[in-house]
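J.: My questions all concern the structure below.
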Amino acid sequence: MKLYETMIDLLADARGRDRHIRFIDGEHDESLVSFSELYDRALALLGSLQARGMQPRDELVIFSKSNESFVVAFWAAILGGIVPVPVAVGISDEHRFKLFRIIKQLHRGTLFTELDVLERLLEFSRQRQLDDVQAILETRSVLISDIKPADNGELANVSADDPVFIQYSSGSTSDPKGVCLSHRNLCTNIRAIIEGMQWTEDDQSLSWMPLTHDMGLIGYHLSVMAAGMNHAVMDTNLFVRRPLLWMNKAAELRATQLCSPNFGYKHFLRLFERKGLPDDTDLSAVKLILNGAEPISWDLCEEFLTKMAPFGLKHSSMFPVYGLAEATVGVSVGDPGVEPSRITVNRHSLRIGDAFESATPGEPDAVSFLKVGNAIRDVEIRITDDDDALLDDGQVGHIQLLGASVTDRIYGDEDATHKLFTDDGWLRTGDCGVFVDKQLVITGREKDLIIVNGQNYYPHDLEEIVAGIDGLDSGKVVIAGSTPTGSGTEELLAFILYRQDIDAFAPLADQVRNIIGSHVGLEVDHVIPVSRIPKTTSGKVQRAHLLRDYQNGEFDSLLQNIAPALVSGGEVDEDPLVAEFVEICREFSKERTIGPEDNLFEVGVSSLTLTEIVLAIDERYPGKLDISDLFDYPTLREVATFVRRSL
């Protein structure tokens, strides 16, 4: 595989290939853009941006609902030496505040978006009297609809060490961290990914991962383009609404390369168990399904592979990998075509510097981890103790990296940049792991980072949000993530300091769920009252202590006792259709009861859960309700009235 010096060289080379990108926005709503057309459209858009005064090293914040518009804008920026900054469009306050914090960080940032999105952002900033943000939005925004034909832009003269784009972390109450990548970082990692996956121009990829995510953008657009393969990009919201379409399109396109983190398999399987796939679905062309972005569940992988086996999916197609944004994306991969393997250990034997203790699957304290292969080309991996001293294979420690694809800085943050590296220049990943049989195994995180649905969240951010509830402050709230044995995804836990009558806890638990759901779009699995919050002598909260008690079952009886109060449904509604919808919600909304008059966007459930509720209603009443209808009919009683009209 050729090592390009810059991403401009990569696109220029791709321009001469007879290949295309397929943008899938619906079952029958697709568009094809050839590599050569992409180059021409990007160059024309660059001309418009330069006519507006944009120069090399300026930043273009790409905040678009359209994957096609995103890709054209991304490459237009690259060709002009402008630094693209991808940011996901969402409906929660967290998404908007993250965008605002990013824009205010940038040196000369311009927002690239749609009119309706900009109008909502302006209204949001006006309501909250964010005058500085409003001024930026009004003076430094480029609307996709306003782009007029212009002379082609002028290609920038860039070098391998010039910045190519910025990947931003999550950040709802604190400043997001922007990982700066150079052309060298990106080109080096792309070559290594292609070689590690053994991709060729005869492959066909399909991804529903958002292009604002490093796996979606770098793994399944930039890298597959460099490999010269046709590739399809499915709208993420389409996958959320219609997860079975993922495998339907994979069969239709004879896709050989797929990808998904844990939550994607879980979401797909929930609907598959209800509706299944057509008997003639053929997945035999699939070579690899890349699995990463969050801790990988052995049980969930096995369940997915077993249920897809009748459709021709090979067991060896599951391909666990490890990566992170600070290393561009790819760090380690296994051998393509080799079935995934695991180790099973005692969960209490994972202390830094100690050798892990093997366990038998099914034992109470047993936990399984998948092997994620070896370092890809141009990356070195080492495992160290707390003092950065090298550990032997079999000893659990901190994962550190060195190589040409590793970033050299966090945007505008010298302190964060300094903390990111050891004294001898190795990247601190924040992850813990061990080498077993010469393969890397990820055992956890040294930081308190929470990963939900492939996205990173910081506990202190969520704690600040919950502290907005009257009677609470940050010292009375602990947010943590836990991956229970046998579960495919991480649970979100909220521990609340509470010493009053436990029977009166339910209203406070509801407030916690509602405020996190409305601000961040996350669903809390358990809100747990605790009589004390353990802290170190220096006053630091010991999340690990609370998590250990939770995983050891210390709160099981308490959760059982408070569950009736949290899920009590009261009297059955006299309208049988409303009562039916209440029961459907109870199946999916965990400990949260949704009543007939509750606004579905304000009850603390995630957009994924809302989608699952709509899918369950659609199963019983086909074609009567779409997720978009909830904006006009946001309560179950209104939904029932709407559905009844067409019965």
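By convention here, the chains of the structure tokens are called A, B, ... in the order presented, each chain's residues are numbered starting at 1, and ligands are numbered starting at 1 in the order presented.
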Per residue of segment 140-259 of chain A within 12 Å of segment 627-630 of chain A, which atom pair is closest and at what distance in Å (one decimal), using only C-alpha atoms, listed by chain and increasing number, as JSON lines?
T.:
```
{"residue": "A:Asn237", "atom": "CA", "partner": "A:Ile627", "partner_atom": "CA", "distance": 10.3}
{"residue": "A:Leu238", "atom": "CA", "partner": "A:Ile627", "partner_atom": "CA", "distance": 10.6}
{"residue": "A:Val240", "atom": "CA", "partner": "A:Ile627", "partner_atom": "CA", "distance": 10.1}
{"residue": "A:Arg241", "atom": "CA", "partner": "A:Ile627", "partner_atom": "CA", "distance": 7.4}
{"residue": "A:Arg242", "atom": "CA", "partner": "A:Ile627", "partner_atom": "CA", "distance": 10.5}
```
J.: Atom CA of Val367 of chain A to atom CA of Gly521 of chain A: how many Å, to one decimal?
T.: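 Straight-line distance from atom CA of Val367 of chain A to atom CA of Gly521 of chain A works out to 29.1 Å.
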J.: Determine, counting only C-alpha atoms, which protein, DNA and RNA residues have an atom within 7 Å of an atom of segment 258-272 of chain A; residues of the same chain fewer than 3 positions away are not included. Present the result as a list in words.
T.: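 Everything that qualifies: Ser205, Leu206, Ser207, Pro243, Leu244, Lys275, Gly276, Leu277, Leu288, Ile289, Leu290, Asn291, Gly292, Ala293, Glu294, Ile296, Ser297, Phe304, Asn453, Gly454, Gly488 and Thr489 of chain A.
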J.: Residues as selected, N, CA and C atoms, written as a compact mmCIF listing (two decimals), in the first residue's frame, can you do that?
T.:
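This went into result07.txt:
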```txt
# COMPACT_ATOMS: atom_id res chain seq x y z
N SER A 205 -17.43 -1.81 1.03
CA SER A 205 -17.72 -1.56 2.44
C SER A 205 -19.09 -0.93 2.61
N LEU A 206 -19.64 -1.12 3.82
CA LEU A 206 -20.91 -0.51 4.20
C LEU A 206 -20.79 -0.11 5.66
N SER A 207 -21.08 1.15 5.96
CA SER A 207 -20.98 1.64 7.34
C SER A 207 -22.16 2.54 7.65
N PRO A 243 -32.92 -0.75 11.89
CA PRO A 243 -31.65 -1.48 12.01
C PRO A 243 -31.54 -2.69 11.10
N LEU A 244 -32.66 -3.33 10.76
CA LEU A 244 -32.59 -4.51 9.90
C LEU A 244 -32.12 -4.16 8.49
N LYS A 275 -38.82 -9.40 14.18
CA LYS A 275 -39.23 -9.45 12.77
C LYS A 275 -38.40 -10.39 11.91
N GLY A 276 -37.15 -10.66 12.31
CA GLY A 276 -36.30 -11.51 11.50
C GLY A 276 -35.87 -10.86 10.20
N LEU A 277 -35.17 -11.62 9.37
CA LEU A 277 -34.74 -11.18 8.05
C LEU A 277 -35.37 -12.08 6.99
N LEU A 288 -15.23 -9.27 6.91
CA LEU A 288 -14.90 -8.73 8.23
C LEU A 288 -16.01 -7.79 8.71
N ILE A 289 -16.30 -7.89 10.00
CA ILE A 289 -17.12 -6.87 10.68
C ILE A 289 -16.24 -6.29 11.78
N LEU A 290 -15.72 -5.12 11.54
CA LEU A 290 -14.82 -4.50 12.51
C LEU A 290 -15.61 -4.10 13.75
N ASN A 291 -15.11 -4.51 14.91
CA ASN A 291 -15.80 -4.27 16.18
C ASN A 291 -14.88 -3.48 17.10
N GLY A 292 -15.26 -2.25 17.41
CA GLY A 292 -14.44 -1.42 18.28
C GLY A 292 -15.24 -0.25 18.79
N ALA A 293 -14.57 0.81 19.21
CA ALA A 293 -15.15 2.07 19.67
C ALA A 293 -15.66 2.03 21.10
N GLU A 294 -15.90 0.85 21.66
CA GLU A 294 -16.29 0.70 23.05
C GLU A 294 -15.89 -0.70 23.49
N ILE A 296 -15.63 -4.45 24.12
CA ILE A 296 -16.25 -5.47 23.26
C ILE A 296 -16.78 -6.61 24.12
N SER A 297 -18.03 -6.99 23.89
CA SER A 297 -18.67 -8.06 24.64
C SER A 297 -18.57 -9.38 23.88
N PHE A 304 -24.75 -12.50 18.15
CA PHE A 304 -24.95 -11.95 16.81
C PHE A 304 -24.50 -12.94 15.74
N ASN A 453 -22.90 3.78 23.82
CA ASN A 453 -23.20 3.80 22.38
C ASN A 453 -22.04 4.33 21.55
N GLY A 454 -20.82 3.98 21.98
CA GLY A 454 -19.63 4.35 21.23
C GLY A 454 -19.15 5.77 21.44
N GLY A 488 -23.94 -6.58 26.86
CA GLY A 488 -23.20 -6.12 25.69
C GLY A 488 -22.83 -4.66 25.74
N THR A 489 -23.47 -3.89 26.62
CA THR A 489 -23.20 -2.46 26.65
C THR A 489 -23.03 -1.98 28.08
```
J.: Give me every strand (DSSP E) residue in segment 270-395 of chain A, going by DSSP on the backbone, as a ChimeraX atom specification.
T.: /A:288-291,318-323,330-333,342-346,366-370,374-375,379-384
J.: Considering only C-alpha atoms, return as a list of chain:residue names whatever protein or nucleic-acid residues lie within 12 Å of Lys65 of chain A, sequence-local ones (same chain, fewer than 2 positions apart) excluded.
T.: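 Those residues are A:Asp25, A:Ile62, A:Phe63, A:Asn67, A:Glu68, A:Ser69, A:Phe70, A:Val71, A:Pro86, A:Val87, A:Ala88, A:Val89, A:Gly90, A:Ile91, A:Phe112, A:Thr113, A:Glu114, A:Leu115, A:Asp116, A:Val117, A:Leu118, A:Ile144, A:Pro210, A:Leu211, A:Thr212, A:Asp235, A:Thr236, A:Asn237, A:Leu238.
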